[in-house]
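S.K.: File name upload25.pdb; file contents PDB, C-alpha atoms; full text below.
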ATOM      1  CA  MET U  25       2.770   8.248   8.258
ATOM      2  CA  ASP U  26       5.769   6.158   7.129
ATOM      3  CA  TRP U  27       7.191   9.339   5.559
ATOM      4  CA  ILE U  28       8.273  10.581   9.031
ATOM      5  CA  THR U  29      11.229   8.164   9.106
ATOM      6  CA  ASP U  30      12.462   9.370   5.671
ATOM      7  CA  ILE U  31      11.787  13.077   6.132
ATOM      8  CA  GLN U  32      14.151  15.749   4.827
ATOM      9  CA  PHE U  33      13.940  19.555   4.792
ATOM     10  CA  ALA U  34      14.063  21.733   1.677
ATOM     11  CA  ASP U  35      14.964  24.955   3.582
ATOM     12  CA  PRO U  36      16.757  23.865   6.781
ATOM     13  CA  TRP U  37      18.154  27.399   7.307
ATOM     14  CA  PHE U  38      14.833  28.361   8.871
ATOM     15  CA  PHE U  39      15.839  26.287  11.898
ATOM     16  CA  LEU U  40      18.141  29.198  12.835
ATOM     17  CA  LEU U  41      14.962  30.929  13.986
ATOM     18  CA  LEU U  42      14.845  28.423  16.870
ATOM     19  CA  LEU U  43      17.840  30.265  18.332
ATOM     20  CA  GLY U  44      15.376  32.989  19.287
ATOM     21  CA  ILE U  45      13.699  30.682  21.827
ATOM     22  CA  PRO U  46      16.313  31.183  24.598
ATOM     23  CA  LEU U  47      16.092  34.951  24.047
ATOM     24  CA  TYR U  48      12.299  34.746  24.264
ATOM     25  CA  LEU U  49      12.467  32.779  27.541
ATOM     26  CA  TYR U  50      14.956  35.247  29.012
ATOM     27  CA  LEU U  51      12.904  38.298  28.096
ATOM     28  CA  ARG U  52       9.715  36.651  29.314
ATOM     29  CA  LYS U  53      11.308  35.977  32.688
ATOM     30  CA  ARG U  54      12.420  39.620  32.974
ATOM     31  CA  ILE U  55       8.964  40.868  32.044
ATOM     32  CA  GLU U  56       7.228  38.549  34.494
ATOM     33  CA  ARG U  57       9.549  39.693  37.273
ATOM     34  CA  ASN U  58       8.749  43.364  36.641
ATOM     35  CA  ARG U  59       4.994  42.795  36.386
ATOM     36  CA  PHE U  60       4.581  42.071  40.064
ATOM     37  CA  VAL U  61       4.191  44.880  42.687
ATOM     38  CA  ARG U  62       5.804  44.333  46.098
ATOM     39  CA  LEU U  63       3.526  45.022  49.056
ATOM     40  CA  ARG U  64       4.649  45.052  52.678
ATOM     41  CA  MET U  65       2.145  43.339  54.978
ATOM     42  CA  SER U  66       2.350  42.863  58.714
ATOM     43  CA  THR U  67       0.856  39.346  58.514
ATOM     44  CA  LEU U  68      -0.164  36.728  55.909
ATOM     45  CA  GLU U  69      -3.105  35.601  57.965
ATOM     46  CA  GLY U  70      -6.224  35.355  55.798
ATOM     47  CA  VAL U  71      -4.196  35.005  52.587
ATOM     48  CA  SER U  72      -4.394  31.605  50.939
ATOM     49  CA  LYS U  73      -1.014  30.005  50.343
ATOM     50  CA  LYS U  74      -2.346  27.443  47.850
ATOM     51  CA  PRO U  75      -2.696  28.605  44.247
ATOM     52  CA  THR U  76      -6.073  28.125  42.588
ATOM     53  CA  GLY U  77      -6.650  25.628  39.771
ATOM     54  CA  ARG U  78      -6.506  28.328  37.124
ATOM     55  CA  VAL U  79      -3.172  29.587  38.418
ATOM     56  CA  ARG U  80      -1.731  26.086  38.299
ATOM     57  CA  PHE U  81      -2.426  25.830  34.553
ATOM     58  CA  MET U  82      -1.272  29.311  33.619
ATOM     59  CA  PHE U  83       1.919  27.741  32.268
ATOM     60  CA  LEU U  84      -0.108  26.328  29.330
ATOM     61  CA  LEU U  85      -0.314  29.710  27.615
ATOM     62  CA  PRO U  86       3.442  30.194  27.108
ATOM     63  CA  VAL U  87       3.836  26.489  26.304
ATOM     64  CA  PHE U  88       1.196  26.708  23.563
ATOM     65  CA  ARG U  89       2.841  29.871  22.237
ATOM     66  CA  LEU U  90       6.264  28.220  22.187
ATOM     67  CA  LEU U  91       4.996  25.063  20.450
ATOM     68  CA  THR U  92       3.188  27.202  17.882
ATOM     69  CA  TYR U  93       6.432  28.996  17.084
ATOM     70  CA  ILE U  94       8.331  25.685  16.737
ATOM     71  CA  CYS U  95       5.690  24.230  14.392
ATOM     72  CA  ILE U  96       5.788  27.368  12.230
ATOM     73  CA  VAL U  97       9.570  27.122  11.936
ATOM     74  CA  ILE U  98       9.338  23.432  10.934
ATOM     75  CA  ALA U  99       6.675  24.262   8.344
ATOM     76  CA  LEU U 100       8.883  27.026   6.904
ATOM     77  CA  ALA U 101      11.747  24.518   6.635
ATOM     78  CA  ARG U 102       9.453  22.479   4.300
ATOM     79  CA  PRO U 103       9.668  18.852   5.392
ATOM     80  CA  GLN U 104       9.678  16.534   2.358
ATOM     81  CA  THR U 105      10.071  12.931   1.315
ATOM     82  CA  HIS U 106      12.200  12.763  -1.805
ATOM     83  CA  PHE U 107      11.365   9.257  -2.989
ATOM     84  CA  SER U 108       7.791   8.042  -2.701
ATOM     85  CA  ASN U 109       7.264   5.001  -4.923
ATOM     86  CA  SER U 110       3.774   3.990  -6.034
ATOM     87  CA  ARG U 111       2.143   1.919  -8.777
ATOM     88  CA  LEU U 112      -0.541   3.443 -10.935
ATOM     89  CA  TYR U 113      -2.743   1.825 -13.529
ATOM     90  CA  SER U 114      -4.216   3.304 -16.671
ATOM     91  CA  GLU U 115      -7.895   4.160 -16.724
ATOM     92  CA  GLY U 116      -8.616   1.061 -18.832
ATOM     93  CA  ILE U 117      -8.097  -0.382 -22.271
ATOM     94  CA  ASP U 118     -10.417  -1.287 -25.148
ATOM     95  CA  ILE U 119     -10.960  -4.990 -25.768
ATOM     96  CA  MET U 120     -12.971  -6.744 -28.482
ATOM     97  CA  LEU U 121     -13.915 -10.395 -28.103
ATOM     98  CA  SER U 122     -14.149 -12.065 -31.517
ATOM     99  CA  LEU U 123     -16.081 -15.289 -30.943
ATOM    100  CA  ASP U 124     -16.619 -18.156 -33.386
ATOM    101  CA  VAL U 125     -20.297 -19.215 -33.265
ATOM    102  CA  SER U 126     -20.199 -21.657 -36.190
ATOM    103  CA  PRO U 127     -22.034 -25.014 -35.784
ATOM    104  CA  SER U 128     -18.832 -26.839 -34.802
ATOM    105  CA  MET U 129     -18.704 -24.707 -31.637
ATOM    106  CA  TYR U 130     -21.584 -26.841 -30.354
ATOM    107  CA  ALA U 131     -19.395 -29.948 -30.288
ATOM    108  CA  ILE U 132     -19.858 -31.838 -27.034
ATOM    109  CA  ASP U 133     -16.217 -32.616 -26.225
ATOM    110  CA  PHE U 134     -16.611 -29.670 -23.787
ATOM    111  CA  LYS U 135     -19.431 -29.935 -21.253
ATOM    112  CA  PRO U 136     -22.118 -29.033 -22.108
ATOM    113  CA  ASN U 137     -20.513 -27.893 -25.389
ATOM    114  CA  ARG U 138     -17.745 -25.619 -26.670
ATOM    115  CA  MET U 139     -20.068 -22.664 -27.123
ATOM    116  CA  GLU U 140     -21.388 -22.660 -23.558
ATOM    117  CA  ALA U 141     -17.885 -23.141 -22.158
ATOM    118  CA  ALA U 142     -16.650 -20.196 -24.238
ATOM    119  CA  LYS U 143     -19.503 -18.007 -22.960
ATOM    120  CA  VAL U 144     -18.797 -18.853 -19.309
ATOM    121  CA  ALA U 145     -15.067 -18.123 -19.719
ATOM    122  CA  ALA U 146     -15.761 -14.833 -21.530
ATOM    123  CA  GLN U 147     -18.190 -13.657 -18.849
ATOM    124  CA  SER U 148     -15.670 -14.480 -16.127
ATOM    125  CA  PHE U 149     -13.049 -12.451 -18.005
ATOM    126  CA  ILE U 150     -15.452  -9.506 -18.318
ATOM    127  CA  ASP U 151     -16.068  -9.536 -14.542
ATOM    128  CA  ALA U 152     -12.301  -9.348 -13.943
ATOM    129  CA  ARG U 153     -11.906  -6.169 -16.073
ATOM    130  CA  PRO U 154     -14.317  -3.575 -14.571
ATOM    131  CA  ASN U 155     -12.360  -0.563 -15.874
ATOM    132  CA  ASP U 156     -12.091  -1.708 -19.493
ATOM    133  CA  ARG U 157     -14.423  -1.052 -22.394
ATOM    134  CA  ILE U 158     -15.191  -4.461 -23.865
ATOM    135  CA  GLY U 159     -17.223  -5.410 -26.942
ATOM    136  CA  LEU U 160     -18.234  -8.559 -28.802
ATOM    137  CA  VAL U 161     -18.025  -9.605 -32.452
ATOM    138  CA  VAL U 162     -19.428 -12.992 -33.471
ATOM    139  CA  PHE U 163     -18.734 -14.814 -36.715
ATOM    140  CA  ALA U 164     -19.709 -17.928 -38.616
ATOM    141  CA  GLY U 165     -19.862 -17.632 -42.430
ATOM    142  CA  GLU U 166     -20.014 -13.857 -41.901
ATOM    143  CA  ALA U 167     -19.303 -11.486 -39.018
ATOM    144  CA  PHE U 168     -21.623  -9.364 -36.880
ATOM    145  CA  THR U 169     -21.035  -6.822 -34.090
ATOM    146  CA  GLN U 170     -23.059  -8.238 -31.212
ATOM    147  CA  CYS U 171     -22.079  -5.418 -28.838
ATOM    148  CA  PRO U 172     -19.806  -2.355 -29.343
ATOM    149  CA  ALA U 173     -17.094  -1.705 -26.749
ATOM    150  CA  THR U 174     -18.835  -0.563 -23.571
ATOM    151  CA  LEU U 175     -18.412  -0.131 -19.831
ATOM    152  CA  ASP U 176     -21.923  -1.515 -19.307
ATOM    153  CA  HIS U 177     -20.700  -5.009 -18.570
ATOM    154  CA  ASN U 178     -24.123  -6.297 -17.521
ATOM    155  CA  LEU U 179     -25.408  -5.496 -21.010
ATOM    156  CA  LEU U 180     -22.314  -7.056 -22.558
ATOM    157  CA  LYS U 181     -22.667 -10.300 -20.586
ATOM    158  CA  ALA U 182     -26.303 -10.541 -21.660
ATOM    159  CA  GLN U 183     -25.174 -10.190 -25.284
ATOM    160  CA  VAL U 184     -22.552 -12.892 -24.774
ATOM    161  CA  GLU U 185     -25.271 -15.183 -23.424
ATOM    162  CA  GLN U 186     -27.454 -14.535 -26.491
ATOM    163  CA  ALA U 187     -24.666 -15.091 -29.035
ATOM    164  CA  ASP U 188     -25.693 -17.698 -31.639
ATOM    165  CA  ASN U 189     -25.368 -18.482 -35.329
ATOM    166  CA  TRP U 190     -29.018 -18.651 -36.362
ATOM    167  CA  TYR U 191     -28.859 -15.247 -38.103
ATOM    168  CA  LEU U 192     -25.488 -15.866 -39.831
ATOM    169  CA  LYS U 193     -24.499 -17.880 -42.873
ATOM    170  CA  ASP U 194     -22.765 -21.221 -42.326
ATOM    171  CA  GLY U 195     -18.991 -21.234 -42.414
ATOM    172  CA  THR U 196     -16.020 -20.057 -40.374
ATOM    173  CA  ALA U 197     -15.031 -16.605 -41.607
ATOM    174  CA  ILE U 198     -12.115 -16.079 -39.222
ATOM    175  CA  GLY U 199     -10.722 -13.183 -41.262
ATOM    176  CA  ASP U 200     -14.083 -11.386 -41.276
ATOM    177  CA  GLY U 201     -14.469 -11.819 -37.528
ATOM    178  CA  LEU U 202     -10.992 -10.435 -36.878
ATOM    179  CA  PHE U 203     -11.314  -7.592 -39.408
ATOM    180  CA  MET U 204     -14.631  -6.419 -37.944
ATOM    181  CA  ALA U 205     -13.105  -6.364 -34.453
ATOM    182  CA  VAL U 206     -10.205  -4.301 -35.834
ATOM    183  CA  ASN U 207     -12.676  -1.823 -37.359
ATOM    184  CA  ARG U 208     -14.541  -1.449 -34.060
ATOM    185  CA  LEU U 209     -11.290  -0.630 -32.227
ATOM    186  CA  ALA U 210     -10.096   1.678 -35.012
ATOM    187  CA  ASP U 211     -13.104   3.902 -34.282
ATOM    188  CA  SER U 212     -12.229   4.130 -30.569
ATOM    189  CA  THR U 213     -10.928   7.428 -29.175
ATOM    190  CA  ASN U 214      -9.333   5.769 -26.143
ATOM    191  CA  PRO U 215      -5.576   6.564 -26.243
ATOM    192  CA  GLY U 216      -4.744   3.393 -24.306
ATOM    193  CA  GLN U 217      -3.863  -0.065 -25.534
ATOM    194  CA  LYS U 218      -6.325  -1.924 -27.782
ATOM    195  CA  VAL U 219      -6.677  -5.696 -27.654
ATOM    196  CA  ILE U 220      -8.573  -8.397 -29.545
ATOM    197  CA  ILE U 221      -9.198 -11.912 -28.232
ATOM    198  CA  LEU U 222      -9.947 -14.191 -31.171
ATOM    199  CA  LEU U 223     -11.477 -17.583 -30.322
ATOM    200  CA  THR U 224     -12.217 -20.309 -32.841
ATOM    201  CA  ASP U 225     -12.258 -24.091 -33.151
ATOM    202  CA  GLY U 226     -11.872 -24.372 -36.904
ATOM    203  CA  VAL U 227     -10.173 -23.440 -40.124
ATOM    204  CA  ARG U 228     -11.181 -20.657 -42.465
ATOM    205  CA  ILE U 229     -14.282 -21.552 -44.491
ATOM    206  CA  GLY U 230     -15.681 -18.645 -46.489
ATOM    207  CA  GLY U 231     -15.575 -14.970 -45.723
ATOM    208  CA  LYS U 232     -14.318 -11.928 -47.634
ATOM    209  CA  PHE U 233     -11.065 -11.305 -45.799
ATOM    210  CA  SER U 234      -7.988 -13.391 -45.201
ATOM    211  CA  PRO U 235      -7.151 -13.860 -41.501
ATOM    212  CA  LEU U 236      -3.552 -12.794 -42.134
ATOM    213  CA  ASP U 237      -4.670  -9.654 -44.004
ATOM    214  CA  ALA U 238      -6.882  -8.790 -41.019
ATOM    215  CA  ALA U 239      -3.912  -9.406 -38.707
ATOM    216  CA  GLN U 240      -1.799  -7.048 -40.806
ATOM    217  CA  ALA U 241      -4.457  -4.350 -40.384
ATOM    218  CA  ALA U 242      -4.384  -4.922 -36.615
ATOM    219  CA  LYS U 243      -0.603  -4.613 -36.595
ATOM    220  CA  GLN U 244      -0.700  -1.296 -38.455
ATOM    221  CA  LEU U 245      -3.131   0.082 -35.863
ATOM    222  CA  ASN U 246      -1.004  -1.231 -32.971
ATOM    223  CA  ILE U 247      -3.763  -3.641 -31.880
ATOM    224  CA  ARG U 248      -2.549  -6.706 -30.029
ATOM    225  CA  VAL U 249      -4.350  -9.965 -30.892
ATOM    226  CA  TYR U 250      -4.527 -12.970 -28.560
ATOM    227  CA  THR U 251      -5.678 -16.134 -30.321
ATOM    228  CA  ILE U 252      -7.366 -19.100 -28.650
ATOM    229  CA  GLY U 253      -7.865 -22.450 -30.331
ATOM    230  CA  VAL U 254     -10.439 -24.695 -28.657
ATOM    231  CA  GLY U 255     -11.253 -28.377 -29.071
ATOM    232  CA  SER U 256      -9.738 -31.794 -28.601
ATOM    233  CA  LYS U 257      -7.479 -33.560 -31.082
ATOM    234  CA  SER U 258      -9.967 -36.366 -31.747
ATOM    235  CA  ASN U 259     -13.106 -36.167 -33.871
ATOM    236  CA  SER U 260     -15.918 -34.554 -31.868
ATOM    237  CA  PRO U 261     -19.671 -35.004 -32.267
ATOM    238  CA  ILE U 262     -21.380 -31.835 -33.485
ATOM    239  CA  PRO U 263     -25.119 -31.191 -33.862
ATOM    240  CA  VAL U 264     -26.528 -31.033 -37.401
ATOM    241  CA  VAL U 265     -30.017 -31.007 -38.914
ATOM    242  CA  ASP U 266     -30.691 -33.855 -41.364
ATOM    243  CA  LYS U 267     -32.867 -33.653 -44.496
ATOM    244  CA  ASN U 268     -35.934 -34.552 -42.431
ATOM    245  CA  GLY U 269     -35.401 -31.606 -40.077
ATOM    246  CA  ARG U 270     -34.201 -33.752 -37.206
ATOM    247  CA  ARG U 271     -31.329 -32.631 -34.965
ATOM    248  CA  ILE U 272     -28.658 -35.335 -34.885
ATOM    249  CA  PHE U 273     -24.939 -35.530 -34.037
ATOM    250  CA  GLU U 274     -22.209 -36.262 -36.569
ATOM    251  CA  LEU U 275     -18.463 -36.586 -36.109
ATOM    252  CA  ASP U 276     -16.556 -33.451 -37.045
ATOM    253  CA  PRO U 277     -14.208 -34.557 -39.836
ATOM    254  CA  ARG U 278     -11.584 -31.987 -38.843
ATOM    255  CA  ILE U 279      -8.841 -33.052 -36.470
ATOM    256  CA  SER U 280      -8.125 -29.554 -35.104
ATOM    257  CA  TYR U 281      -8.194 -25.828 -35.828
ATOM    258  CA  ASP U 282      -5.582 -24.088 -38.012
ATOM    259  CA  GLU U 283      -2.930 -23.741 -35.320
ATOM    260  CA  PRO U 284      -0.074 -22.401 -37.520
ATOM    261  CA  MET U 285      -2.293 -19.590 -38.787
ATOM    262  CA  MET U 286      -3.459 -18.679 -35.257
ATOM    263  CA  GLN U 287       0.145 -18.602 -34.045
ATOM    264  CA  GLU U 288       1.139 -16.340 -36.927
ATOM    265  CA  ILE U 289      -1.701 -13.898 -36.194
ATOM    266  CA  ALA U 290      -0.640 -13.625 -32.555
ATOM    267  CA  GLN U 291       3.062 -13.309 -33.368
ATOM    268  CA  MET U 292       2.445 -10.674 -36.048
ATOM    269  CA  THR U 293       0.503  -8.411 -33.660
ATOM    270  CA  GLY U 294       2.549  -8.919 -30.478
ATOM    271  CA  GLY U 295       0.004 -11.188 -28.824
ATOM    272  CA  THR U 296       0.128 -14.802 -27.663
ATOM    273  CA  HIS U 297      -1.485 -17.979 -28.915
ATOM    274  CA  PHE U 298      -3.230 -20.324 -26.467
ATOM    275  CA  LYS U 299      -4.747 -23.791 -26.748
ATOM    276  CA  ALA U 300      -7.729 -24.930 -24.686
ATOM    277  CA  SER U 301      -8.789 -28.569 -24.604
ATOM    278  CA  SER U 302     -11.305 -28.341 -21.738
ATOM    279  CA  PRO U 303     -13.635 -25.772 -20.114
ATOM    280  CA  GLU U 304     -11.216 -25.426 -17.198
ATOM    281  CA  SER U 305      -8.226 -24.750 -19.441
ATOM    282  CA  LEU U 306     -10.281 -22.187 -21.375
ATOM    283  CA  ILE U 307     -10.959 -20.254 -18.158
ATOM    284  CA  ASP U 308      -7.246 -20.493 -17.332
ATOM    285  CA  VAL U 309      -6.405 -18.982 -20.747
ATOM    286  CA  TYR U 310      -8.616 -15.948 -20.116
ATOM    287  CA  GLN U 311      -7.090 -15.526 -16.660
ATOM    288  CA  GLU U 312      -3.615 -15.609 -18.187
ATOM    289  CA  ILE U 313      -4.562 -12.927 -20.717
ATOM    290  CA  ASP U 314      -5.993 -10.859 -17.857
ATOM    291  CA  LYS U 315      -2.655 -11.079 -15.994
ATOM    292  CA  ILE U 316      -0.606 -10.198 -19.071
ATOM    293  CA  GLU U 317      -2.622  -7.076 -19.856
ATOM    294  CA  LYS U 318      -2.585  -5.888 -16.246
ATOM    295  CA  GLN U 319       1.205  -6.187 -16.211
ATOM    296  CA  LYS U 320       1.506  -4.220 -19.421
ATOM    297  CA  ILE U 321      -0.566  -1.254 -18.216
ATOM    298  CA  ALA U 322       0.971  -1.067 -14.736
ATOM    299  CA  VAL U 323       3.266   1.951 -14.362
ATOM    300  CA  ASP U 324       5.728   2.545 -11.525
ATOM    301  CA  ILE U 325       5.811   6.188 -10.504
ATOM    302  CA  THR U 326       8.482   7.822  -8.329
ATOM    303  CA  ARG U 327       7.325  11.115  -6.899
ATOM    304  CA  ARG U 328      10.025  13.594  -5.932
ATOM    305  CA  ASN U 329       9.659  16.295  -3.298
ATOM    306  CA  GLU U 330       6.374  15.298  -1.712
ATOM    307  CA  GLU U 331       5.613  18.140   0.722
ATOM    308  CA  HIS U 332       4.513  17.537   4.334
ATOM    309  CA  TYR U 333       4.638  21.057   5.808
ATOM    310  CA  PHE U 334       0.848  21.138   5.955
ATOM    311  CA  TYR U 335       0.722  18.889   9.036
ATOM    312  CA  PHE U 336       2.949  21.229  11.066
ATOM    313  CA  ALA U 337       1.142  24.337   9.850
ATOM    314  CA  LEU U 338      -2.156  22.770  10.898
ATOM    315  CA  VAL U 339      -0.839  21.966  14.392
ATOM    316  CA  ALA U 340       0.449  25.558  14.690
ATOM    317  CA  VAL U 341      -2.990  26.963  13.841
ATOM    318  CA  ILE U 342      -4.676  24.661  16.370
ATOM    319  CA  LEU U 343      -2.232  25.612  19.152
ATOM    320  CA  LEU U 344      -2.543  29.320  18.369
ATOM    321  CA  PHE U 345      -6.320  29.103  18.435
ATOM    322  CA  ALA U 346      -6.196  27.203  21.737
ATOM    323  CA  GLU U 347      -3.964  29.846  23.338
ATOM    324  CA  MET U 348      -6.196  32.699  22.168
ATOM    325  CA  LEU U 349      -9.312  30.907  23.385
ATOM    326  CA  LEU U 350      -7.881  30.198  26.852
ATOM    327  CA  SER U 351      -6.428  33.680  27.301
ATOM    328  CA  HIS U 352      -9.813  35.272  26.513
ATOM    329  CA  THR U 353     -11.916  32.859  28.576
ATOM    330  CA  LEU U 354     -10.511  30.740  31.392
ATOM    331  CA  PHE U 355      -7.377  32.826  32.064
ATOM    332  CA  ARG U 356      -8.794  36.218  31.139
ATOM    333  CA  SER U 357      -8.657  37.697  34.632
ATOM    334  CA  LEU U 358      -5.153  36.391  35.203
ATOM    335  CA  THR U 359      -3.446  37.827  32.139
TER     336      THR U 359
END
In structure tokens, write the structure found in this file.

M.R.:
Amino acid sequence: MDWITDIQFADPWFFLLLLGIPLYLYLRKRIERNRFVRLRMSTLEGVSKKPTGRVRFMFLLPVFRLLTYICIVIALARPQTHFSNSRLYSEGIDIMLSLDVSPSMYAIDFKPNRMEAAKVAAQSFIDARPNDRIGLVVFAGEAFTQCPATLDHNLLKAQVEQADNWYLKDGTAIGDGLFMAVNRLADSTNPGQKVIILLTDGVRIGGKFSPLDAAQAAKQLNIRVYTIGVGSKSNSPIPVVDKNGRRIFELDPRISYDEPMMQEIAQMTGGTHFKASSPESLIDVYQEIDKIEKQKIAVDITRRNEEHYFYFALVAVILLFAEMLLSHTLFRSLT
């Protein structure tokens, strides 16, 4: 009850009613004096001089009545706190993860590989956002909605674990992956913020849509895009299947992903671009995005005129009930 130290009264004029207390005490004393009958007795022998236990506590009835009156007056004066600051959060936002699952994502510069590191980081991010609807789009040479935005995060994490490129054409259709995520969020009826996290390790190879055209569509729909580029600067071994059907590793001829394009996508949509060169830094990137979005949806609320009269009204009812109960039970024969 910290509000007690900052309490103010909306109708303090009701405190003038407390001036009736001295009048009440005076009239009560006059009435009590006239209630008693004087009897002349020749001796007090046989009359107990000690009051009984019930008589000793008779004073409780007028005390309860007086406290009830005081509590009613305070309640009528409407005690309030005028400034009660609190922080509220929105009910959640819609997030689409757009994940590159092209063959280069199996490069082993991350342990055990980029794909597994990306899955672990994504699942950790999902656990940190229990109130958000989150979905998953995967892309290689084409894009596919692995899971629509949902609050069933156990289902979503299972879909993240199963994400692979075996059912998609080869390539890195970054624009298709981003555009499909935009379409999924465009269908959402959630009035809150909408966010896409686009993760890739490569440059655009194939696909119908330009990444920048997809970013422009996101901007028009007020969808913020965070971009993550993964991989080391040096050539990384990636798994390939040779002409004999054997799985071997070859050096990825690319030095890095298309960083200027990823930065432009993020800047165009109001997001941020991140680089991750290790599994640990990838987890840190997701944690940073989590912090940014929580800050953006936090709202400081100042409530004015928060009423507290209820507490005093409740005490008044309790005291009144106690007085009525005692006067009709324990002190019945004395009143």

S.K.: So which residues touch Ala187 (chain U) within 9 Å, counting all atoms listed in the file, skipping near sequence neighbours fewer than 2 positions away, as a list of chain:residue names?

M.R.: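 So the residues in contact are U:Leu123, U:Val125, U:Lys143, U:Val162, U:Gln170, U:Ala182, U:Gln183, U:Val184, U:Glu185, U:Asn189.
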
S.K.: With C-alpha atoms retained, could you export that selection as a PDB file, in the coordinates of the input?

M.R.:
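out39.pdb written:
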ATOM      1  CA  LEU U 123     -16.081 -15.289 -30.943  1.00  0.00           C
ATOM      2  CA  VAL U 125     -20.297 -19.215 -33.265  1.00  0.00           C
ATOM      3  CA  LYS U 143     -19.503 -18.007 -22.960  1.00  0.00           C
ATOM      4  CA  VAL U 162     -19.428 -12.992 -33.471  1.00  0.00           C
ATOM      5  CA  GLN U 170     -23.059  -8.238 -31.212  1.00  0.00           C
ATOM      6  CA  ALA U 182     -26.303 -10.541 -21.660  1.00  0.00           C
ATOM      7  CA  GLN U 183     -25.174 -10.190 -25.284  1.00  0.00           C
ATOM      8  CA  VAL U 184     -22.552 -12.892 -24.774  1.00  0.00           C
ATOM      9  CA  GLU U 185     -25.271 -15.183 -23.424  1.00  0.00           C
ATOM     10  CA  ASN U 189     -25.368 -18.482 -35.329  1.00  0.00           C
TER      11      ASN U 189
END

S.K.: List, as a PDB file with C-alpha atoms, in the frame of the given file, every residue that the PyMOL selection byres ((chain U and resi 45) around 12) selects in the file provided.

M.R.:
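Writing done, so here's part33.pdb:
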ATOM      1  CA  PHE U  39      15.839  26.287  11.898  1.00  0.00           C
ATOM      2  CA  LEU U  40      18.141  29.198  12.835  1.00  0.00           C
ATOM      3  CA  LEU U  41      14.962  30.929  13.986  1.00  0.00           C
ATOM      4  CA  LEU U  42      14.845  28.423  16.870  1.00  0.00           C
ATOM      5  CA  LEU U  43      17.840  30.265  18.332  1.00  0.00           C
ATOM      6  CA  GLY U  44      15.376  32.989  19.287  1.00  0.00           C
ATOM      7  CA  PRO U  46      16.313  31.183  24.598  1.00  0.00           C
ATOM      8  CA  LEU U  47      16.092  34.951  24.047  1.00  0.00           C
ATOM      9  CA  TYR U  48      12.299  34.746  24.264  1.00  0.00           C
ATOM     10  CA  LEU U  49      12.467  32.779  27.541  1.00  0.00           C
ATOM     11  CA  TYR U  50      14.956  35.247  29.012  1.00  0.00           C
ATOM     12  CA  LEU U  51      12.904  38.298  28.096  1.00  0.00           C
ATOM     13  CA  ARG U  52       9.715  36.651  29.314  1.00  0.00           C
ATOM     14  CA  PRO U  86       3.442  30.194  27.108  1.00  0.00           C
ATOM     15  CA  VAL U  87       3.836  26.489  26.304  1.00  0.00           C
ATOM     16  CA  ARG U  89       2.841  29.871  22.237  1.00  0.00           C
ATOM     17  CA  LEU U  90       6.264  28.220  22.187  1.00  0.00           C
ATOM     18  CA  LEU U  91       4.996  25.063  20.450  1.00  0.00           C
ATOM     19  CA  THR U  92       3.188  27.202  17.882  1.00  0.00           C
ATOM     20  CA  TYR U  93       6.432  28.996  17.084  1.00  0.00           C
ATOM     21  CA  ILE U  94       8.331  25.685  16.737  1.00  0.00           C
ATOM     22  CA  VAL U  97       9.570  27.122  11.936  1.00  0.00           C
TER      23      VAL U  97
END

S.K.: Enumerate, as a short mmCIF file (atom, residue, chain, number, x, y, z; two decimals) with C-alpha atoms, keeping the file's coordinate frame, the residues matched when the PyMOL selection byres ((chain U and resi 36) around 9) is run on the file above.

M.R.:
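Output file part38.cif is given in full below:
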data_model
loop_
_atom_site.label_atom_id
_atom_site.label_comp_id
_atom_site.auth_asym_id
_atom_site.auth_seq_id
_atom_site.Cartn_x
_atom_site.Cartn_y
_atom_site.Cartn_z
CA GLN U 32 14.15 15.75 4.83
CA PHE U 33 13.94 19.56 4.79
CA ALA U 34 14.06 21.73 1.68
CA ASP U 35 14.96 24.96 3.58
CA TRP U 37 18.15 27.40 7.31
CA PHE U 38 14.83 28.36 8.87
CA PHE U 39 15.84 26.29 11.90
CA LEU U 40 18.14 29.20 12.84
CA ILE U 98 9.34 23.43 10.93
CA LEU U 100 8.88 27.03 6.90
CA ALA U 101 11.75 24.52 6.64
CA ARG U 102 9.45 22.48 4.30
CA PRO U 103 9.67 18.85 5.39
#

S.K.: Can you tell me, as a list in words, which residues sit within 10 Å of (-8.6, -16.0, -27.7) in the file's frame, using all atoms listed in the file?

M.R.: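 The requested residues, written out, are Leu121, Ser122, Leu123, Ala142, Ala146, Ile220, Ile221, Leu222, Leu223, Thr224, Val249, Tyr250, Thr251, Ile252, Gly253, Val254, Met286, Ala290, Gly295, Thr296, His297, Phe298, Lys299, Ala300, Leu306, Val309, Tyr310 and Ile313 of chain U.
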
S.K.: Taking the file as I've supplied it (selection: the PyMOL selection byres ((chain U and resi 127) around 10)), which residues are included? Please answer as a list in words.

M.R.: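 The output of the PyMOL selection byres ((chain U and resi 127) around 10) on this file is Asp124, Val125, Ser126, Ser128, Met129, Tyr130, Ala131, Met139, Ala164, Asp188, Asn189, Trp190, Asp194, Gly195, Thr196, Ile262, Pro263 and Val264 of chain U.
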
S.K.: Kindly give the distance, in Å, that separates CA of Asp282 (chain U) and CA of Gln147 (chain U), rounded to a single decimal.

M.R.: 25.2 Å

S.K.: To one decimal place in Å, what is the distance between CA of Gly230 (chain U) and CA of Ser305 (chain U)?

M.R.: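 Rounded to one decimal, the two atoms are 28.7 Å apart.
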
S.K.: Could you tell me how far CA of Ala340 (chain U) sits from CA of Thr105 (chain U), in Å to one decimal place?

M.R.: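 Atom-to-atom, CA of Thr105 (chain U) to CA of Ala340 (chain U), that is 20.8 Å.
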
S.K.: Skip Ala173 (chain U) itself and residues of its chain fewer than 4 positions away, then list as a ChimeraX atom specification all residues within 9 Å of it, counting only C-alpha atoms.

M.R.: /U:118-120,156-160,180,208-209,212
